[in-house]
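Contents: one structure, followed by commentary.
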Amino acid sequence: MSEEHWVSLTPEEFAQLQKYLEYSSRKIKDVLAEFNENGSLKQYNSHETISYDVFKLFMRAYLEVDLPQPLNMHLFLTFSQKPKQAILDHTKEGASNSEASVPDSNIQNADNAVKADEACAPDTESKVTEKQAPAKDQVAAAPLGNPAAEFSGSESPAVYLKDVVCYLSLLETGRPQDKLEFMFRLYDSDENGLLDQAEMDCIVNQMLHIAQYLEWDPTELRPGSKGDGGHAWTMKHFKKPTYCNFCRVMLMGVRKQGLCCSYCKYTVHERCVSKNIPGCVKTYSKPKKGSEVMQHAWVEGNSSVKCDQCHKSIKCYQSITAWHCVWCQKTFHRKCELSTLCDGGELKDHILLPTSICPITRDRQGGQSDGSVSVKDELAMQYKIIPTPGTHPLLVLVNPKSGGRQGERILRKFHYLLNPKQVFNLDNGGPTPGLNFFHDTPDFRVLACGGDGTVGWILDCIDKANFTKHPPVAVLPLGTGNDLARCLRWGGGYEGGSLTKILKDIEQSPLVMLDRWHLEVIPREEVENGDQVPYDIMNNYFSIGVDASIAHRFHVMREKHPEKFNSRMKNKLWYFEFGTSETFAATCKKLQDHIELECDGVGVDLSNIFLEGIAILNIPSMYGGTNLWGETKKNRAVIQESKKVVTDPKELKFCIQDLSDQLLEVVGLEGAMEMGQIYTGLKSAGRRLAQCSSVTIRTNKLLPMQVDGEPWMQPPCTIKMTHKNQAPMMMGPPQKSSFFSLRRKSRSKD
């Protein structure tokens, strides 16, 4: 008989147990009543451990029949809580009897073997090593002859009746909510209406036992997936040989071989995740008297990099051979001398070390308490950030929906590179929780991971947060478009580069002020219904006419049939189709007859111009990198200092565009064909109409409009655009020029 039969039922035995449960007419609640004063098991305490004999009586009362001896014994040992130290002592004692002297290394190897064997079973603390085969045979043979002989003395396994009842109640038929309520009342021994972590672990542990037989997905049940100090497990495919941090056995498989913690990279088999594995790193420190020194948080790593101490390669093809610090990202050989102090490594300017975050207890009504948490309903735990002097902590806000699943991967990577407490998922309450967490932190920065809509959302929340000093915002663009990120030199989209390099670029980034404009739409008639205006603030651009019509048709079709817009190529084909049909339909033909344009109170004459669209620009990018205003030669450029409106075509040729000059650029579009020519580079720009500090537009018919890429249909109205404020943004590093671009620049200078 194999040893695994002693700690876990085989699938055949589990199926046999299910058959007994089907034929039994009793419920687990009825059997628990037998432990009351008038019950047949009243002499036993249901809140304490029970022996094997009591377990047999309980199962007989529940199933109304005696279970076969092997099945009864194996089921009993499934719940056994035999102390691991007693097993090790028994193992070493057996070894000392067979050999006169055993080296210390052999004892250590025996301990490692016990740990490895323990990981291969779903839940047990009772293991013996392979070197004690005779002792193992004795253990296997004893239950078949005399079970009581095995459980004599101090080594008797301890079985808690609550665990047995919880396990069997999960196998009964009934509603899930009824089962959860029963388990809650079962483990709530103090009847305070709350379950502590140990009681929750008992329930989850029994669920995991059932899950392995019924083929449930136990990902959400695994311990340590929530809260500080708990692992955040994700299934992962490892391209290199990787070993389990718990049992030291290599992870095998074709696709996803095991689980990896997003916070500390602790790696385990699926079968090992329910074991007594070490907790994850602490993300904050408890308040102590005096300043606390930050120490390394070591994790045994599957690292194939060079040692930061001896600078020699670390080989990980045979076993785990390195130590890796979660905070400073440094890796050392196990044999190298390790320092204890941690400074945060190369990202120390951004990272919030645990010593910089201290928990405080605040009154839910806003007042600060004295630190006592006597009334749980009135107090809430919050955190105070005390950054290291001279650093600039980084608040990372990630939109997981941006760029397909790209946002989810970025979120996991930042959880590992930085402190998980400074990385926020925008699906969980938006930017407000993160901004509140950093509200009183000096000199912090914000990294917005998402599209232009995400950046605008974050800037709006920063305005509402009423910071004394507006934090600078950097952008990690996800998805397509990203006109603002292009202007700030962060690129059109993240393509899988090094996030560490991006964080280092942010550390050296210069600041630039971004103009933000207030958009006010005043309907002329209350009768005609239109769409809701998506934003009341413009950061990038606003347009009326042909381009908004194409964007609106694309938006409506994507809302109806999202399955047709699941790739970039399909999106471009749909845009091409809508643009082609708009060219022939010309739904916004003679737009100049239906609008009135005023710039700084001065009317712009559109009578001699044939237009199908008008765009009002704040940044020199639209449609994913297209510059509608066009380039202005620097030696002939004119920078406006008086903020006076310019409408003369000759003067407009020398006006440059800047995102921080508190000016708007107004451009006219002649049709969809011209838009395509500008997008493909066949035409340099649209028709420059004006440069001004405020714009007023009046319309007399239903027209398509869009602001920052969000389209809608607007009935006759008056639109007013005025300057709102400026937001500090961080510029990306200058783009590296190629040899050919340098040749072109030198020729232009000549």
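Ordering of the structure tokens sets the chain letters (A, B, ...); residue numbers start at 1 within each chain; ligands are numbered from 1 in the order shown.
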Applying 8 Å and only C-alpha atoms, which residues near Val666 (chain A) remain after dropping the ones on its own chain fewer than 5 positions away? List them as number ranges by chain.
A: 614-617, 688-691
I need the chosen residues saved as a CSV table (one decimal), in the first residue's frame, with N, CA, C and O atoms.
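In the end it all went to selection27.csv:
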```
chain,number,residue,atom,x,y,z
A,614,ILE,N,-14.4,70.9,-39.2
A,614,ILE,CA,-13.6,71.9,-38.4
A,614,ILE,C,-13.0,71.2,-37.2
A,614,ILE,O,-13.8,70.6,-36.5
A,615,ALA,N,-11.7,71.4,-37.0
A,615,ALA,CA,-11.0,70.8,-35.8
A,615,ALA,C,-10.4,71.9,-35.0
A,615,ALA,O,-9.8,72.9,-35.6
A,616,ILE,N,-10.5,71.9,-33.7
A,616,ILE,CA,-9.9,72.8,-32.8
A,616,ILE,C,-8.9,72.0,-32.0
A,616,ILE,O,-9.2,71.1,-31.3
A,617,LEU,N,-7.6,72.4,-32.1
A,617,LEU,CA,-6.5,71.6,-31.6
A,617,LEU,C,-5.9,72.3,-30.4
A,617,LEU,O,-5.7,73.5,-30.4
A,688,ARG,N,-5.5,76.3,-42.3
A,688,ARG,CA,-5.4,77.1,-41.1
A,688,ARG,C,-6.4,78.2,-41.1
A,688,ARG,O,-6.4,79.0,-42.0
A,689,LEU,N,-7.2,78.3,-40.1
A,689,LEU,CA,-8.3,79.3,-40.0
A,689,LEU,C,-8.0,80.3,-38.9
A,689,LEU,O,-8.3,81.5,-39.2
A,690,ALA,N,-7.5,80.0,-37.8
A,690,ALA,CA,-7.3,80.9,-36.7
A,690,ALA,C,-6.4,80.3,-35.6
A,690,ALA,O,-6.3,79.1,-35.5
A,691,GLN,N,-5.8,81.2,-34.8
A,691,GLN,CA,-5.1,80.9,-33.6
A,691,GLN,C,-5.6,81.9,-32.5
A,691,GLN,O,-5.5,83.1,-32.7
```
Got a sec: who's within 12 Å of Arg445 (chain A), counting only C-alpha atoms, leaving out chain neighbours fewer than 2 positions off, as a ChimeraX atom specification?
/A:349-351,391-397,422,434-435,438-439,441-443,447-448,462,469-475,503,506-507,509,511,728-730
Limited to C-alpha atoms, could you put the picked residues into a file as an mmCIF file, in the first residue's frame?
```cif
data_model
loop_
_atom_site.group_PDB
_atom_site.id
_atom_site.type_symbol
_atom_site.label_atom_id
_atom_site.label_comp_id
_atom_site.auth_asym_id
_atom_site.auth_seq_id
_atom_site.Cartn_x
_atom_site.Cartn_y
_atom_site.Cartn_z
ATOM 1 C CA ASP A 349 13.597 57.212 -6.291
ATOM 2 C CA HIS A 350 10.174 55.706 -7.153
ATOM 3 C CA ILE A 351 9.590 52.820 -4.789
ATOM 4 C CA THR A 391 12.946 60.658 -3.325
ATOM 5 C CA HIS A 392 9.863 61.086 -5.503
ATOM 6 C CA PRO A 393 7.410 58.229 -4.792
ATOM 7 C CA LEU A 394 5.481 57.104 -7.849
ATOM 8 C CA LEU A 395 1.735 56.482 -7.849
ATOM 9 C CA VAL A 396 0.924 54.004 -10.632
ATOM 10 C CA LEU A 397 -2.644 53.958 -11.978
ATOM 11 C CA GLN A 422 1.476 52.136 -4.678
ATOM 12 C CA GLY A 434 -4.769 56.038 -5.100
ATOM 13 C CA LEU A 435 -4.885 59.832 -4.992
ATOM 14 C CA PHE A 438 -0.861 59.798 -1.662
ATOM 15 C CA HIS A 439 -2.738 62.981 -0.733
ATOM 16 C CA THR A 441 2.818 62.831 0.339
ATOM 17 C CA PRO A 442 5.306 65.504 -0.762
ATOM 18 C CA ASP A 443 6.932 65.463 -4.218
ATOM 19 C CA LEU A 447 2.162 57.340 -13.885
ATOM 20 C CA ALA A 448 -0.994 56.905 -15.977
ATOM 21 C CA ILE A 462 -6.565 65.298 -9.576
ATOM 22 C CA LYS A 469 0.696 71.179 -5.477
ATOM 23 C CA HIS A 470 -0.455 69.469 -8.669
ATOM 24 C CA PRO A 471 1.567 66.230 -9.035
ATOM 25 C CA PRO A 472 3.297 65.780 -12.406
ATOM 26 C CA VAL A 473 1.869 63.038 -14.591
ATOM 27 C CA ALA A 474 3.764 60.686 -16.906
ATOM 28 C CA VAL A 475 2.059 58.439 -19.458
ATOM 29 C CA LEU A 503 10.881 54.181 -14.783
ATOM 30 C CA ILE A 506 10.619 59.136 -15.680
ATOM 31 C CA GLU A 507 13.240 59.860 -13.027
ATOM 32 C CA SER A 509 11.930 63.622 -17.203
ATOM 33 C CA LEU A 511 8.171 69.026 -16.975
ATOM 34 C CA PRO A 728 2.227 69.559 -15.253
ATOM 35 C CA MET A 729 3.122 66.658 -17.515
ATOM 36 C CA MET A 730 6.379 64.734 -17.804
#
```
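For the set A:Cys692, A:Leu591, A:Leu628, A:Leu417, the residue with the smallest atom-to-atom gap to Phe610 (chain A) is A:Leu591, counting only C-alpha atoms.
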Return as a PyMOL selection string the full set of residues in region 406-640 of chain A whose backbone-based DSSP assignment is helix (DSSP H, G or I).
chain A and resi 406-417+420-422+432-437+452-465+483-487+499-507+546-560+562-564+568-585+591-593+634-636
Any idea what's packed within 12 Å of region 556-565 of chain A, counting only C-alpha atoms, ignoring anything in its chain fewer than 3 positions away? Could you give it as a PDB file with N, CA, C and O atoms, in the first residue's frame?
```
ATOM      1  N   GLY A 404      -6.339  45.723 -24.919  1.00  0.00           N
ATOM      2  CA  GLY A 404      -6.673  44.308 -24.775  1.00  0.00           C
ATOM      3  C   GLY A 404      -6.318  43.837 -23.373  1.00  0.00           C
ATOM      4  O   GLY A 404      -6.742  44.410 -22.384  1.00  0.00           O
ATOM      5  N   ASP A 531     -27.387  62.986 -28.185  1.00  0.00           N
ATOM      6  CA  ASP A 531     -26.593  62.171 -27.280  1.00  0.00           C
ATOM      7  C   ASP A 531     -26.034  63.030 -26.143  1.00  0.00           C
ATOM      8  O   ASP A 531     -25.980  64.260 -26.235  1.00  0.00           O
ATOM      9  N   SER A 549     -18.128  62.343 -37.948  1.00  0.00           N
ATOM     10  CA  SER A 549     -19.119  61.433 -38.530  1.00  0.00           C
ATOM     11  C   SER A 549     -18.553  60.035 -38.690  1.00  0.00           C
ATOM     12  O   SER A 549     -19.212  59.030 -38.366  1.00  0.00           O
ATOM     13  N   ILE A 550     -17.319  59.939 -39.183  1.00  0.00           N
ATOM     14  CA  ILE A 550     -16.679  58.632 -39.337  1.00  0.00           C
ATOM     15  C   ILE A 550     -16.470  57.978 -37.966  1.00  0.00           C
ATOM     16  O   ILE A 550     -16.743  56.786 -37.784  1.00  0.00           O
ATOM     17  N   ALA A 551     -16.012  58.766 -36.988  1.00  0.00           N
ATOM     18  CA  ALA A 551     -15.786  58.224 -35.646  1.00  0.00           C
ATOM     19  C   ALA A 551     -17.094  57.776 -35.004  1.00  0.00           C
ATOM     20  O   ALA A 551     -17.144  56.751 -34.314  1.00  0.00           O
ATOM     21  N   HIS A 552     -18.185  58.523 -35.246  1.00  0.00           N
ATOM     22  CA  HIS A 552     -19.482  58.156 -34.653  1.00  0.00           C
ATOM     23  C   HIS A 552     -20.016  56.869 -35.260  1.00  0.00           C
ATOM     24  O   HIS A 552     -20.540  56.001 -34.546  1.00  0.00           O
ATOM     25  N   ARG A 553     -19.897  56.706 -36.571  1.00  0.00           N
ATOM     26  CA  ARG A 553     -20.346  55.472 -37.215  1.00  0.00           C
ATOM     27  C   ARG A 553     -19.522  54.279 -36.737  1.00  0.00           C
ATOM     28  O   ARG A 553     -20.048  53.185 -36.522  1.00  0.00           O
ATOM     29  N   ARG A 568      -6.422  45.206 -34.380  1.00  0.00           N
ATOM     30  CA  ARG A 568      -6.075  46.500 -34.983  1.00  0.00           C
ATOM     31  C   ARG A 568      -6.340  46.513 -36.481  1.00  0.00           C
ATOM     32  O   ARG A 568      -6.814  47.509 -37.026  1.00  0.00           O
ATOM     33  N   MET A 569      -6.054  45.402 -37.144  1.00  0.00           N
ATOM     34  CA  MET A 569      -6.256  45.353 -38.585  1.00  0.00           C
ATOM     35  C   MET A 569      -7.730  45.490 -38.939  1.00  0.00           C
ATOM     36  O   MET A 569      -8.101  46.222 -39.876  1.00  0.00           O
ATOM     37  N   LYS A 570      -8.599  44.824 -38.187  1.00  0.00           N
ATOM     38  CA  LYS A 570     -10.032  44.951 -38.444  1.00  0.00           C
ATOM     39  C   LYS A 570     -10.510  46.375 -38.196  1.00  0.00           C
ATOM     40  O   LYS A 570     -11.343  46.897 -38.951  1.00  0.00           O
ATOM     41  N   ASN A 571      -9.992  47.008 -37.157  1.00  0.00           N
ATOM     42  CA  ASN A 571     -10.386  48.390 -36.885  1.00  0.00           C
ATOM     43  C   ASN A 571      -9.995  49.320 -38.026  1.00  0.00           C
ATOM     44  O   ASN A 571     -10.770  50.198 -38.431  1.00  0.00           O
ATOM     45  N   LYS A 572      -8.794  49.121 -38.555  1.00  0.00           N
ATOM     46  CA  LYS A 572      -8.357  49.968 -39.679  1.00  0.00           C
ATOM     47  C   LYS A 572      -9.201  49.719 -40.919  1.00  0.00           C
ATOM     48  O   LYS A 572      -9.534  50.657 -41.671  1.00  0.00           O
ATOM     49  N   LEU A 573      -9.589  48.470 -41.156  1.00  0.00           N
ATOM     50  CA  LEU A 573     -10.438  48.175 -42.310  1.00  0.00           C
ATOM     51  C   LEU A 573     -11.814  48.814 -42.159  1.00  0.00           C
ATOM     52  O   LEU A 573     -12.388  49.323 -43.136  1.00  0.00           O
ATOM     53  N   TRP A 574     -12.361  48.791 -40.953  1.00  0.00           N
ATOM     54  CA  TRP A 574     -13.648  49.438 -40.732  1.00  0.00           C
ATOM     55  C   TRP A 574     -13.537  50.945 -40.915  1.00  0.00           C
ATOM     56  O   TRP A 574     -14.430  51.583 -41.493  1.00  0.00           O
ATOM     57  N   TYR A 575     -12.464  51.547 -40.422  1.00  0.00           N
ATOM     58  CA  TYR A 575     -12.258  52.977 -40.628  1.00  0.00           C
ATOM     59  C   TYR A 575     -12.154  53.298 -42.122  1.00  0.00           C
ATOM     60  O   TYR A 575     -12.687  54.307 -42.597  1.00  0.00           O
ATOM     61  N   GLU A 577     -13.516  51.607 -44.566  1.00  0.00           N
ATOM     62  CA  GLU A 577     -14.845  51.470 -45.165  1.00  0.00           C
ATOM     63  C   GLU A 577     -15.722  52.677 -44.861  1.00  0.00           C
ATOM     64  O   GLU A 577     -16.367  53.232 -45.758  1.00  0.00           O
ATOM     65  N   PHE A 578     -15.738  53.106 -43.583  1.00  0.00           N
ATOM     66  CA  PHE A 578     -16.564  54.260 -43.228  1.00  0.00           C
ATOM     67  C   PHE A 578     -16.042  55.535 -43.890  1.00  0.00           C
ATOM     68  O   PHE A 578     -16.825  56.405 -44.291  1.00  0.00           O
ATOM     69  N   GLU A 710     -14.060  60.834 -28.394  1.00  0.00           N
ATOM     70  CA  GLU A 710     -15.382  60.327 -28.024  1.00  0.00           C
ATOM     71  C   GLU A 710     -16.449  61.069 -28.832  1.00  0.00           C
ATOM     72  O   GLU A 710     -16.671  62.262 -28.620  1.00  0.00           O
ATOM     73  N   PRO A 711     -17.143  60.390 -29.776  1.00  0.00           N
ATOM     74  CA  PRO A 711     -18.099  61.070 -30.655  1.00  0.00           C
ATOM     75  C   PRO A 711     -19.519  61.059 -30.090  1.00  0.00           C
ATOM     76  O   PRO A 711     -19.876  60.232 -29.250  1.00  0.00           O
ATOM     77  N   TRP A 712     -20.347  61.979 -30.587  1.00  0.00           N
ATOM     78  CA  TRP A 712     -21.773  62.021 -30.266  1.00  0.00           C
ATOM     79  C   TRP A 712     -22.491  62.888 -31.298  1.00  0.00           C
ATOM     80  O   TRP A 712     -21.853  63.653 -32.028  1.00  0.00           O
ATOM     81  N   MET A 713     -23.809  62.762 -31.366  1.00  0.00           N
ATOM     82  CA  MET A 713     -24.644  63.572 -32.256  1.00  0.00           C
ATOM     83  C   MET A 713     -25.252  64.700 -31.424  1.00  0.00           C
ATOM     84  O   MET A 713     -25.882  64.460 -30.394  1.00  0.00           O
TER      85      MET A 713
END
```
As a PDB file with N, CA, C and O atoms, in the first residue's frame, please: the residues near Leu168 (chain A) (cut-off 10 Å, only C-alpha atoms, same-chain neighbours under 6 positions excluded).
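Written file, out18.pdb:
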```
ATOM      1  N   LEU A  17     -16.990   6.689  -1.327  1.00  0.00           N
ATOM      2  CA  LEU A  17     -17.585   7.496  -0.259  1.00  0.00           C
ATOM      3  C   LEU A  17     -18.834   8.228  -0.746  1.00  0.00           C
ATOM      4  O   LEU A  17     -19.834   8.326  -0.023  1.00  0.00           O
ATOM      5  N   GLN A  18     -18.788   8.743  -1.970  1.00  0.00           N
ATOM      6  CA  GLN A  18     -19.964   9.421  -2.519  1.00  0.00           C
ATOM      7  C   GLN A  18     -21.154   8.466  -2.635  1.00  0.00           C
ATOM      8  O   GLN A  18     -22.303   8.859  -2.414  1.00  0.00           O
ATOM      9  N   LEU A  21     -22.777   8.166   0.677  1.00  0.00           N
ATOM     10  CA  LEU A  21     -23.534   9.376   0.995  1.00  0.00           C
ATOM     11  C   LEU A  21     -24.870   9.405   0.261  1.00  0.00           C
ATOM     12  O   LEU A  21     -25.879   9.888   0.784  1.00  0.00           O
ATOM     13  N   LYS A  27     -28.790  13.660   7.463  1.00  0.00           N
ATOM     14  CA  LYS A  27     -28.030  14.853   7.166  1.00  0.00           C
ATOM     15  C   LYS A  27     -26.995  15.079   8.268  1.00  0.00           C
ATOM     16  O   LYS A  27     -27.141  14.594   9.399  1.00  0.00           O
ATOM     17  N   ILE A  28     -25.974  15.864   7.916  1.00  0.00           N
ATOM     18  CA  ILE A  28     -24.887  16.085   8.867  1.00  0.00           C
ATOM     19  C   ILE A  28     -25.372  16.844  10.100  1.00  0.00           C
ATOM     20  O   ILE A  28     -24.862  16.662  11.212  1.00  0.00           O
ATOM     21  N   TYR A  62     -23.803   8.574  10.805  1.00  0.00           N
ATOM     22  CA  TYR A  62     -24.102   9.424   9.649  1.00  0.00           C
ATOM     23  C   TYR A  62     -24.516   8.593   8.432  1.00  0.00           C
ATOM     24  O   TYR A  62     -25.521   8.880   7.764  1.00  0.00           O
ATOM     25  N   LYS A 162     -14.963  19.381  13.575  1.00  0.00           N
ATOM     26  CA  LYS A 162     -15.437  20.450  12.694  1.00  0.00           C
ATOM     27  C   LYS A 162     -14.938  20.263  11.271  1.00  0.00           C
ATOM     28  O   LYS A 162     -15.671  20.490  10.304  1.00  0.00           O
ATOM     29  N   GLN A 206     -10.718  22.637   3.469  1.00  0.00           N
ATOM     30  CA  GLN A 206     -11.638  21.539   3.138  1.00  0.00           C
ATOM     31  C   GLN A 206     -12.195  21.698   1.733  1.00  0.00           C
ATOM     32  O   GLN A 206     -12.423  20.716   1.023  1.00  0.00           O
ATOM     33  N   ILE A 210     -11.937  18.940  -1.518  1.00  0.00           N
ATOM     34  CA  ILE A 210     -13.029  18.515  -2.397  1.00  0.00           C
ATOM     35  C   ILE A 210     -12.731  18.872  -3.851  1.00  0.00           C
ATOM     36  O   ILE A 210     -13.056  18.116  -4.773  1.00  0.00           O
TER      37      ILE A 210
END
```
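Among A:Gln657, A:Thr718, A:Ser356, A:Thr267, the residue with the shortest atom-to-atom distance to Ser285 (chain A), counting only C-alpha atoms, is A:Ser356.
Atom to atom, CA of Ile544 (chain A) and CA of Cys461 (chain A) stand 27.1 Å apart.
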Close residues, region 492-500 of chain A itself excluded, 6 Å, only C-alpha atoms, min 2 positions apart in chain, as a PyMOL selection string
chain A and resi 477-479+482+486+502-503
Just want the 12 Å neighbourhood of Phe424 (chain A), counted on only C-alpha atoms, with same-chain residues fewer than 5 positions away dropped. Output as an mmCIF file with N, CA and C atoms, in the first residue's frame.
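The resulting file, result.cif, is reproduced below:
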```cif
data_model
loop_
_atom_site.group_PDB
_atom_site.id
_atom_site.type_symbol
_atom_site.label_atom_id
_atom_site.label_comp_id
_atom_site.auth_asym_id
_atom_site.auth_seq_id
_atom_site.Cartn_x
_atom_site.Cartn_y
_atom_site.Cartn_z
ATOM 1 N N LEU A 394 6.266 57.170 -6.619
ATOM 2 C CA LEU A 394 5.481 57.104 -7.849
ATOM 3 C C LEU A 394 4.154 56.404 -7.580
ATOM 4 N N LEU A 395 3.069 57.076 -7.899
ATOM 5 C CA LEU A 395 1.735 56.482 -7.849
ATOM 6 C C LEU A 395 1.406 55.955 -9.240
ATOM 7 N N VAL A 396 1.190 54.646 -9.343
ATOM 8 C CA VAL A 396 0.924 54.004 -10.632
ATOM 9 C C VAL A 396 -0.560 53.671 -10.715
ATOM 10 N N LEU A 397 -1.226 54.198 -11.739
ATOM 11 C CA LEU A 397 -2.644 53.958 -11.978
ATOM 12 C C LEU A 397 -2.779 53.239 -13.307
ATOM 13 N N VAL A 398 -3.286 52.014 -13.275
ATOM 14 C CA VAL A 398 -3.325 51.155 -14.459
ATOM 15 C C VAL A 398 -4.771 50.874 -14.842
ATOM 16 N N ASN A 399 -5.081 51.088 -16.107
ATOM 17 C CA ASN A 399 -6.383 50.697 -16.653
ATOM 18 C C ASN A 399 -6.230 49.317 -17.280
ATOM 19 N N PRO A 400 -6.713 48.258 -16.638
ATOM 20 C CA PRO A 400 -6.480 46.903 -17.169
ATOM 21 C C PRO A 400 -7.209 46.634 -18.475
ATOM 22 N N GLY A 407 -3.063 45.768 -20.309
ATOM 23 C CA GLY A 407 -3.133 46.433 -19.017
ATOM 24 C C GLY A 407 -2.996 45.478 -17.857
ATOM 25 N N GLU A 408 -3.551 44.269 -17.952
ATOM 26 C CA GLU A 408 -3.439 43.289 -16.874
ATOM 27 C C GLU A 408 -1.994 42.852 -16.675
ATOM 28 N N ILE A 410 0.688 44.612 -17.441
ATOM 29 C CA ILE A 410 1.421 45.747 -16.889
ATOM 30 C C ILE A 410 1.177 45.851 -15.389
ATOM 31 N N LEU A 411 -0.055 45.608 -14.976
ATOM 32 C CA LEU A 411 -0.405 45.676 -13.559
ATOM 33 C C LEU A 411 0.413 44.669 -12.757
ATOM 34 N N ARG A 412 0.522 43.438 -13.241
ATOM 35 C CA ARG A 412 1.294 42.413 -12.523
ATOM 36 C C ARG A 412 2.782 42.764 -12.470
ATOM 37 N N PHE A 414 4.193 45.781 -12.507
ATOM 38 C CA PHE A 414 4.433 46.874 -11.561
ATOM 39 C C PHE A 414 4.252 46.410 -10.115
ATOM 40 N N HIS A 415 3.380 45.441 -9.886
ATOM 41 C CA HIS A 415 3.241 44.889 -8.550
ATOM 42 C C HIS A 415 4.554 44.293 -8.067
ATOM 43 N N LEU A 418 7.544 47.471 -7.971
ATOM 44 C CA LEU A 418 7.321 48.475 -6.937
ATOM 45 C C LEU A 418 6.574 47.853 -5.764
ATOM 46 N N ASN A 419 6.225 48.664 -4.814
ATOM 47 C CA ASN A 419 5.405 48.206 -3.699
ATOM 48 C C ASN A 419 3.965 48.044 -4.188
ATOM 49 N N GLY A 429 -12.591 51.279 -8.235
ATOM 50 C CA GLY A 429 -12.865 52.603 -7.677
ATOM 51 C C GLY A 429 -12.261 53.759 -8.411
ATOM 52 N N GLY A 430 -11.574 53.534 -9.531
ATOM 53 C CA GLY A 430 -11.000 54.626 -10.295
ATOM 54 C C GLY A 430 -9.730 55.182 -9.670
ATOM 55 N N PRO A 431 -9.337 56.408 -10.073
ATOM 56 C CA PRO A 431 -8.096 57.000 -9.549
ATOM 57 C C PRO A 431 -8.204 57.527 -8.125
ATOM 58 N N THR A 432 -9.426 57.718 -7.610
ATOM 59 C CA THR A 432 -9.593 58.379 -6.314
ATOM 60 C C THR A 432 -8.903 57.651 -5.160
ATOM 61 N N PRO A 433 -9.026 56.306 -4.992
ATOM 62 C CA PRO A 433 -8.335 55.649 -3.868
ATOM 63 C C PRO A 433 -6.826 55.873 -3.871
ATOM 64 N N GLY A 434 -6.211 55.815 -5.034
ATOM 65 C CA GLY A 434 -4.769 56.038 -5.100
ATOM 66 C C GLY A 434 -4.388 57.468 -4.775
ATOM 67 N N LEU A 435 -5.170 58.425 -5.272
ATOM 68 C CA LEU A 435 -4.885 59.832 -4.992
ATOM 69 C C LEU A 435 -5.094 60.145 -3.513
ATOM 70 N N ASN A 436 -6.095 59.540 -2.893
ATOM 71 C CA ASN A 436 -6.301 59.740 -1.453
ATOM 72 C C ASN A 436 -5.158 59.136 -0.643
ATOM 73 N N PHE A 437 -4.648 57.991 -1.097
ATOM 74 C CA PHE A 437 -3.542 57.338 -0.403
ATOM 75 C C PHE A 437 -2.288 58.215 -0.412
ATOM 76 N N PHE A 438 -2.056 58.955 -1.517
ATOM 77 C CA PHE A 438 -0.861 59.798 -1.662
ATOM 78 C C PHE A 438 -1.136 61.268 -1.345
ATOM 79 N N VAL A 446 2.860 60.790 -10.660
ATOM 80 C CA VAL A 446 1.791 59.894 -11.094
ATOM 81 C C VAL A 446 2.162 59.318 -12.453
ATOM 82 N N LEU A 447 1.984 58.016 -12.601
ATOM 83 C CA LEU A 447 2.162 57.340 -13.885
ATOM 84 C C LEU A 447 0.809 56.800 -14.318
ATOM 85 N N ALA A 448 0.292 57.331 -15.434
ATOM 86 C CA ALA A 448 -0.994 56.905 -15.977
ATOM 87 C C ALA A 448 -0.754 55.866 -17.059
ATOM 88 N N CYS A 449 -1.235 54.654 -16.827
ATOM 89 C CA CYS A 449 -1.057 53.554 -17.781
ATOM 90 C C CYS A 449 -2.393 53.310 -18.473
#
```
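The spacing separating CA of Lys335 (chain A) from CA of Ile314 (chain A) amounts to 11.1 Å.
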